[in-house]
Every structure is written in C-alpha cells, then in structure tokens.
Amino acid sequence: MEKKEELECCVVTCGLPLNANYWDNQYQNNETGWDLHQVSPPLKLFIDTLTDKNVRILIPGCGNAYEAEYLLDNGFTGVTLIDISSTLVNRLKEKFTGRPIQILHADFFDHNEKYDLILEQTFFCALNPSLRERYAVKSFNLLNTGGRIAGLLFNIIFEKEGPPFGGTKEEYVKLFELLFTLKQFDTCHNSIKPRQGNELFIEMEKKNISTDLVKLYAVSGITCSGCKKTITGNLMKIENIEMVSINSDFTEVMVVSSQPVALKKLREAIASDSKYHLNETKF
Ligand SMILES: C[S@@+](CC[C@H](N)C(=O)[O-])C[C@H]1O[C@@H](n2cnc3c(N)ncnc32)[C@H](O)[C@@H]1O
C-alpha cells in the first residue's frame with residue numbers, strides 16, 4: 001500500500017515527468033495495470049488480415065509485446081519493438097532470445113527508421129497529451145508512403161488524471177486527417193470487456209505528402225487560449241498553410257502546408273507581439 005501511494009504521488013500529484021524513470025519503476029514494481037497478458041484481440045484480428053510476412057512493423061511503447069509474439073509465431077520477419085524502460089527491454093531480450101526481431105531500448109521520439117506499419121496499443125494514451133502533435137508528426141515521418149498506423153485509441157475522457165490520458169474521436173480526426181487517410185476510425189467491436197465501447201479501432205494510411213510540408217516547431221510566449229487562438233489565426237492566414245495545431249501546453253506547433261513555407265514567414269506572422277518565438281524542432 002505504501003509503495004502504491006509513493007508511485008501515485010510521483011506522477012500525478014507532484015506532476016513529475018512520465019519519463020524512462022517513471023516507466024521503469026512501473027515495471028520494477030509490477031504496476032502494470034494496462035497489461036492484457038494476451039495479444040490484444042482487435043490487433044490479433046487485424047494482424048490476421050496481413051498477407052506480406054516481410055512487412056516492416058514497429059510497435060512503439062511495446063510493453064510485454066504479446067502482439068510481437070503473435071507476429072513471430074505467424075512468420076513475420078520485420079518486427080521492431082521500442083520501449084523506454086530498460087527493465088522491460090532486458091526482459092524482452094531474454095524472452096525473444098534467438099528469434100528474428102529487433103528490440104530497442106529507446107525513446108520513440110528519437111527513433112529514425114522507416115516502417116510500413118505501426119501498431120498502436122495504449123502507447124498514445126500513455127504519453128502526456130502535450131506530445132500528441134509530436135506523435136502525429138513522428139509517426140508520419142517513420143512511415144513509408146502508404147504505410148499505416150493501426151490499433152486502438154481511447155474514446156473517453158477519464159475523470160482521473162492520466163496515464164492513461166483519454167480523448168475524443170473528434171480531436172483525433174482533427175490531429176491526423178491531413179496527414180493520413182482514415183480507413184477505419186470507429187468504435188471497436190471486440191475490445192476487452194473493461195474497455196468495451198470506449199475504444200476506437202483506427203487504421204490510417206500515410207498520405208503521399210513530402211516531409212517538408214509537415215513540420216513541428218517549438219513555440220514560446222503563448223500563455224493562454226486567447227494567445228493560442230491569435231497565433232493559430234495569424235499562421236493560418238499565410239498562403240499555402242492548411243493546418244496549424246498548437247499542443248496542449250503551448251510549447252509546440254504542428255504546421256501542414258501545400259507548399260514549403262519559410263520559417264521567416266512564420267516568424268513574421270506572429271511578430272505582432274515580441275514575446276512570441278518560433279524555432280525549428282529536430283527529431
Ligand atoms: C501503458 S504502457 C503500454 C504497453 C503496451 N503497449 C501494452 O499495451 O501492454 C506504455 C508503454 O510505453 C512505454 N513508453 C512510454 N514513453 C515512451 C517513449 N517516449 N518511447 C518509448 N516507449 C515509451 C512505457 O515504458 C510502457 O511500456
């Protein structure tokens with residue numbers, strides 16, 4: 001009991017970051033309430049539709065990776081797992097010894113290979129919501145054109161502070177629809193019982209858009225939703241800009257355009273107040 005209170009305090013009450021340390025503690029203390037102990041039923045069904053066994057598949061924030069086990073048992077040869085917890089990754093390396101799989105102890109946001117498919121299972125919801133724009137751009141960059149993200153997203157706002165962090169179909173559609181063709185985005189019909197009715201099964205295909213046109217910038221000086229609205233409006237007025245999405249803590253902005261737009265132009269558009277600054281983000 002004491003240990004549990006300690007863990008809850010670290011993350012929720014004290015607001016410490018959801019970093020490698022946090023996740024490692026969860027695994028070391030077996031505080032893994034999200035773990036299904038089986039391949040996720042909707043993902044199993046989806047995997048069963050895949051015919052090319054050499055397709056390059058990434059499972060970010062893979063946890064105990066039952067999906068990877070299922071993929072390997074079914075002859076898939078191009079599976080990569082990434083997780084930020086070293087304790088977990090060491091366990092996975094042991095579990096999958098001798099099997100054809102790449103297992104990386106890494107931060108998803110620092111990873112730079114190319115994939116045909118990303119499997120999403122309680123990773124997006126484990127991240128601070130301020131990382132959602134970053135997740136969208138990163139996933140876009142990691143996929144080959146025509147590559148897909150498939151998996152599950154919570155379609156519920158949780159009363160308790162996360163993780164997991166919930167959200168709505170509407171906000172996810174807004175976040176992803178310019179970068180991906182949404183092939184499936186509906187309530188999942190075969191979720192596990194406790195999540196029944198509260199998950200969307202998503203399958204989205206990367207659009208044929210150059211990475212020059214999908215950018216993430218670090219922004220500073222925005223302090224309230226009023227400034228957020230002003231900055232969004234000013235950026236949206238620039239020719240060729242199709243979408244501007246400022247993250248929940250006003251530190252990053254995702255910009256999608258139909259033609260490359262110079263950073264100088266973006267800076268000019270927000271220069272109405274000298275407190276606003278914009279810088280390119282490398283990742
Ligand atoms: C809620 S758990 C879900 C695990 C697994 N997908 C499942 O459903 O059982 C979230 C996982 O994401 C990992 N994680 C969190 N942030 C990460 C990051 N930035 N890069 C890679 N893994 C991360 C955690 O270590 C943890 O294993």
# chains A, B, ... in the order shown; residues from 1 in each chain; ligands from 1

$ closest_atom_pairs --of "chain A" --to "ligand 1" --cutoff "9 Å" --atoms "only C-alpha atoms and all ligand atoms" --output "JSON lines"
{"residue": "A:Leu18", "atom": "CA", "partner": "ligand 1", "partner_atom_place_in_ligand_line": "16 (N)", "distance": 7.0}
{"residue": "A:Asn19", "atom": "CA", "partner": "ligand 1", "partner_atom_place_in_ligand_line": "16 (N)", "distance": 6.5}
{"residue": "A:Ala20", "atom": "CA", "partner": "ligand 1", "partner_atom_place_in_ligand_line": "25 (O)", "distance": 6.7}
{"residue": "A:Asn21", "atom": "CA", "partner": "ligand 1", "partner_atom_place_in_ligand_line": "25 (O)", "distance": 9.0}
{"residue": "A:Tyr22", "atom": "CA", "partner": "ligand 1", "partner_atom_place_in_ligand_line": "25 (O)", "distance": 8.1}
{"residue": "A:Trp23", "atom": "CA", "partner": "ligand 1", "partner_atom_place_in_ligand_line": "25 (O)", "distance": 4.6}
{"residue": "A:Asp24", "atom": "CA", "partner": "ligand 1", "partner_atom_place_in_ligand_line": "25 (O)", "distance": 6.6}
{"residue": "A:Gln26", "atom": "CA", "partner": "ligand 1", "partner_atom_place_in_ligand_line": "25 (O)", "distance": 8.2}
{"residue": "A:Tyr27", "atom": "CA", "partner": "ligand 1", "partner_atom_place_in_ligand_line": "25 (O)", "distance": 8.0}
{"residue": "A:Thr32", "atom": "CA", "partner": "ligand 1", "partner_atom_place_in_ligand_line": "2 (S)", "distance": 7.4}
{"residue": "A:Gly33", "atom": "CA", "partner": "ligand 1", "partner_atom_place_in_ligand_line": "1 (C)", "distance": 8.0}
{"residue": "A:Trp34", "atom": "CA", "partner": "ligand 1", "partner_atom_place_in_ligand_line": "1 (C)", "distance": 5.5}
{"residue": "A:Asp35", "atom": "CA", "partner": "ligand 1", "partner_atom_place_in_ligand_line": "9 (O)", "distance": 4.3}
{"residue": "A:Leu36", "atom": "CA", "partner": "ligand 1", "partner_atom_place_in_ligand_line": "9 (O)", "distance": 6.1}
{"residue": "A:His37", "atom": "CA", "partner": "ligand 1", "partner_atom_place_in_ligand_line": "9 (O)", "distance": 7.9}
{"residue": "A:Gln38", "atom": "CA", "partner": "ligand 1", "partner_atom_place_in_ligand_line": "9 (O)", "distance": 9.0}
{"residue": "A:Ser40", "atom": "CA", "partner": "ligand 1", "partner_atom_place_in_ligand_line": "8 (O)", "distance": 7.9}
{"residue": "A:Ile59", "atom": "CA", "partner": "ligand 1", "partner_atom_place_in_ligand_line": "6 (N)", "distance": 7.7}
{"residue": "A:Pro60", "atom": "CA", "partner": "ligand 1", "partner_atom_place_in_ligand_line": "21 (C)", "distance": 5.8}
{"residue": "A:Gly61", "atom": "CA", "partner": "ligand 1", "partner_atom_place_in_ligand_line": "12 (O)", "distance": 3.3}
{"residue": "A:Cys62", "atom": "CA", "partner": "ligand 1", "partner_atom_place_in_ligand_line": "6 (N)", "distance": 4.2}
{"residue": "A:Gly63", "atom": "CA", "partner": "ligand 1", "partner_atom_place_in_ligand_line": "4 (C)", "distance": 3.6}
{"residue": "A:Asn64", "atom": "CA", "partner": "ligand 1", "partner_atom_place_in_ligand_line": "9 (O)", "distance": 5.7}
{"residue": "A:Ala65", "atom": "CA", "partner": "ligand 1", "partner_atom_place_in_ligand_line": "5 (C)", "distance": 6.4}
{"residue": "A:Tyr66", "atom": "CA", "partner": "ligand 1", "partner_atom_place_in_ligand_line": "9 (O)", "distance": 7.9}
{"residue": "A:Ile82", "atom": "CA", "partner": "ligand 1", "partner_atom_place_in_ligand_line": "21 (C)", "distance": 5.6}
{"residue": "A:Asp83", "atom": "CA", "partner": "ligand 1", "partner_atom_place_in_ligand_line": "22 (N)", "distance": 3.7}
{"residue": "A:Ile84", "atom": "CA", "partner": "ligand 1", "partner_atom_place_in_ligand_line": "22 (N)", "distance": 4.1}
{"residue": "A:Ser85", "atom": "CA", "partner": "ligand 1", "partner_atom_place_in_ligand_line": "25 (O)", "distance": 4.6}
{"residue": "A:Ser86", "atom": "CA", "partner": "ligand 1", "partner_atom_place_in_ligand_line": "25 (O)", "distance": 8.3}
{"residue": "A:Leu88", "atom": "CA", "partner": "ligand 1", "partner_atom_place_in_ligand_line": "27 (O)", "distance": 7.2}
{"residue": "A:Val89", "atom": "CA", "partner": "ligand 1", "partner_atom_place_in_ligand_line": "25 (O)", "distance": 8.9}
{"residue": "A:His105", "atom": "CA", "partner": "ligand 1", "partner_atom_place_in_ligand_line": "21 (C)", "distance": 7.8}
{"residue": "A:Ala106", "atom": "CA", "partner": "ligand 1", "partner_atom_place_in_ligand_line": "21 (C)", "distance": 5.9}
{"residue": "A:Asp107", "atom": "CA", "partner": "ligand 1", "partner_atom_place_in_ligand_line": "20 (N)", "distance": 3.6}
{"residue": "A:Phe108", "atom": "CA", "partner": "ligand 1", "partner_atom_place_in_ligand_line": "20 (N)", "distance": 3.9}
{"residue": "A:Phe109", "atom": "CA", "partner": "ligand 1", "partner_atom_place_in_ligand_line": "19 (N)", "distance": 6.0}
{"residue": "A:Asp110", "atom": "CA", "partner": "ligand 1", "partner_atom_place_in_ligand_line": "20 (N)", "distance": 8.2}
{"residue": "A:His111", "atom": "CA", "partner": "ligand 1", "partner_atom_place_in_ligand_line": "20 (N)", "distance": 8.8}
{"residue": "A:Leu119", "atom": "CA", "partner": "ligand 1", "partner_atom_place_in_ligand_line": "6 (N)", "distance": 9.0}
{"residue": "A:Glu120", "atom": "CA", "partner": "ligand 1", "partner_atom_place_in_ligand_line": "6 (N)", "distance": 7.2}
{"residue": "A:Gln121", "atom": "CA", "partner": "ligand 1", "partner_atom_place_in_ligand_line": "6 (N)", "distance": 4.7}
{"residue": "A:Thr122", "atom": "CA", "partner": "ligand 1", "partner_atom_place_in_ligand_line": "8 (O)", "distance": 4.7}
{"residue": "A:Phe123", "atom": "CA", "partner": "ligand 1", "partner_atom_place_in_ligand_line": "10 (C)", "distance": 4.7}
{"residue": "A:Phe124", "atom": "CA", "partner": "ligand 1", "partner_atom_place_in_ligand_line": "10 (C)", "distance": 8.0}
{"residue": "A:Cys125", "atom": "CA", "partner": "ligand 1", "partner_atom_place_in_ligand_line": "1 (C)", "distance": 7.2}
{"residue": "A:Ala126", "atom": "CA", "partner": "ligand 1", "partner_atom_place_in_ligand_line": "1 (C)", "distance": 5.0}
{"residue": "A:Leu127", "atom": "CA", "partner": "ligand 1", "partner_atom_place_in_ligand_line": "16 (N)", "distance": 6.0}
{"residue": "A:Asn128", "atom": "CA", "partner": "ligand 1", "partner_atom_place_in_ligand_line": "16 (N)", "distance": 8.9}
{"residue": "A:Pro163", "atom": "CA", "partner": "ligand 1", "partner_atom_place_in_ligand_line": "1 (C)", "distance": 7.3}
{"residue": "A:Pro164", "atom": "CA", "partner": "ligand 1", "partner_atom_place_in_ligand_line": "1 (C)", "distance": 6.8}

$ select_by_dssp --residues "region 134-282 of chain A" --states "alpha helix (DSSP H)" --output "JSON, numbers by chain"
{"A": [134, 135, 136, 137, 138, 139, 140, 141, 142, 169, 170, 171, 172, 173, 174, 175, 176, 225, 226, 227, 228, 229, 230, 231, 232, 233, 234, 235, 236, 263, 264, 265, 266, 267, 268, 269]}

$ residues_around --residues "region 42-57 of chain A" --least-positions-apart "6" --cutoff "12 Å" --atoms "only C-alpha atoms" --output "CSV table (one decimal) with C-alpha atoms, in the first residue's frame"
chain,number,residue,atom,x,y,z
A,65,ALA,CA,4.7,-7.3,-26.6
A,66,TYR,CA,2.2,-10.1,-26.9
A,67,GLU,CA,1.4,-8.8,-30.4
A,68,ALA,CA,5.1,-9.3,-31.3
A,69,GLU,CA,4.9,-12.9,-30.1
A,70,TYR,CA,1.8,-13.5,-32.2
A,71,LEU,CA,3.5,-11.9,-35.2
A,72,LEU,CA,6.6,-14.1,-34.8
A,73,ASP,CA,4.5,-17.2,-34.3
A,74,ASN,CA,2.8,-16.4,-37.6
A,75,GLY,CA,6.1,-16.0,-39.6
A,76,PHE,CA,6.5,-12.2,-39.7
A,77,THR,CA,10.2,-11.3,-40.1
A,78,GLY,CA,10.3,-7.5,-39.9
A,79,VAL,CA,9.2,-6.7,-36.4
A,80,THR,CA,10.8,-3.9,-34.3
A,81,LEU,CA,10.0,-3.2,-30.7
A,82,ILE,CA,10.8,0.1,-28.9
A,100,PRO,CA,14.1,-12.8,-35.6
A,101,ILE,CA,13.1,-9.5,-34.0
A,102,GLN,CA,14.7,-6.1,-33.3
A,103,ILE,CA,14.3,-4.9,-29.7
A,113,GLU,CA,14.0,4.1,-39.3
A,114,LYS,CA,11.3,3.5,-41.8
A,115,TYR,CA,8.3,1.2,-41.5
A,116,ASP,CA,5.2,0.0,-43.4
A,117,LEU,CA,3.1,-0.4,-40.3
A,118,ILE,CA,3.0,1.0,-36.7
A,119,LEU,CA,0.8,-0.9,-34.2
A,120,GLU,CA,-0.7,1.3,-31.6
A,121,GLN,CA,-1.8,-0.2,-28.3
A,122,THR,CA,-2.0,2.0,-25.2
A,142,LEU,CA,8.6,7.0,-39.6
A,143,LEU,CA,6.2,5.5,-42.2
A,144,ASN,CA,6.9,4.9,-45.9
A,147,GLY,CA,2.4,3.0,-44.6
A,148,ARG,CA,-0.3,2.6,-41.9
A,149,ILE,CA,-0.9,3.1,-38.2
A,150,ALA,CA,-3.4,0.5,-36.9
A,151,GLY,CA,-4.6,0.0,-33.4
A,152,LEU,CA,-6.6,1.4,-30.6
A,153,LEU,CA,-7.3,4.8,-29.1
A,184,GLN,CA,-11.1,2.8,-40.0
A,187,THR,CA,-15.9,2.2,-32.0
A,188,CYS,CA,-14.1,-1.1,-31.7
A,189,HIS,CA,-16.5,-4.0,-31.6
A,190,ASN,CA,-14.1,-6.5,-29.9
A,191,SER,CA,-12.4,-4.6,-27.2
A,192,ILE,CA,-11.6,-6.4,-24.0
A,195,ARG,CA,-12.7,-1.1,-22.4
A,196,GLN,CA,-15.8,-2.1,-24.3
A,199,GLU,CA,-12.1,2.4,-27.7
A,200,LEU,CA,-11.8,3.3,-31.4
A,201,PHE,CA,-10.2,0.9,-33.8
A,202,ILE,CA,-8.1,3.0,-36.1
A,203,GLU,CA,-6.4,2.2,-39.4

$ closest_residue --among "A:Glu239, A:Asp273, A:Asp186, A:Glu133" --to "Ser257 (chain A)" --atoms "only C-alpha atoms"
A:Glu239

$ closest_residue --among "A:Leu278, A:Ile209, A:Leu58, A:Ile238" --to "Glu252 (chain A)" --atoms "only C-alpha atoms"
A:Leu278

$ residues_around --residues "region 275-277 of chain A" --least-positions-apart "4" --cutoff "9 Å" --atoms "only C-alpha atoms" --output "MDAnalysis selection string"
chainID A and resid 218:222 231 267 270:271

$ residues_around --residues "Ile157 (chain A)" --least-positions-apart "6" --cutoff "8 Å" --atoms "only C-alpha atoms" --output "PyMOL selection string"
chain A and resi 165-168

$ closest_residue --among "A:Asn155, A:Ser248, A:Asn25, A:Ser272" --to "Leu235 (chain A)" --atoms "only C-alpha atoms"
A:Ser272

$ atom_distance --atom1 "CA of Lys193 (chain A)" --atom2 "CA of Glu161 (chain A)"
21.9 Å

$ residues_around --residues "region 214-217 of chain A" --least-positions-apart "5" --cutoff "10 Å" --atoms "only C-alpha atoms" --output "MDAnalysis selection string"
chainID A and resid 133:134 136:138 140:141 178:179 209 243:246 251:261 263 277:283

$ select_by_dssp --residues "region 72-280 of chain A" --states "strand (DSSP E)" --output "ChimeraX atom specification"
/A:79-83,101-105,115-120,143-154,180-187,199-206,214-220,241-246,252-257,277-280

$ atom_distance --atom1 "CA of Asn90 (chain A)" --atom2 "CA of Gln28 (chain A)"
11.6 Å

$ atom_distance --atom1 "CA of Glu171 (chain A)" --atom2 "CA of Leu266 (chain A)"
24.4 Å
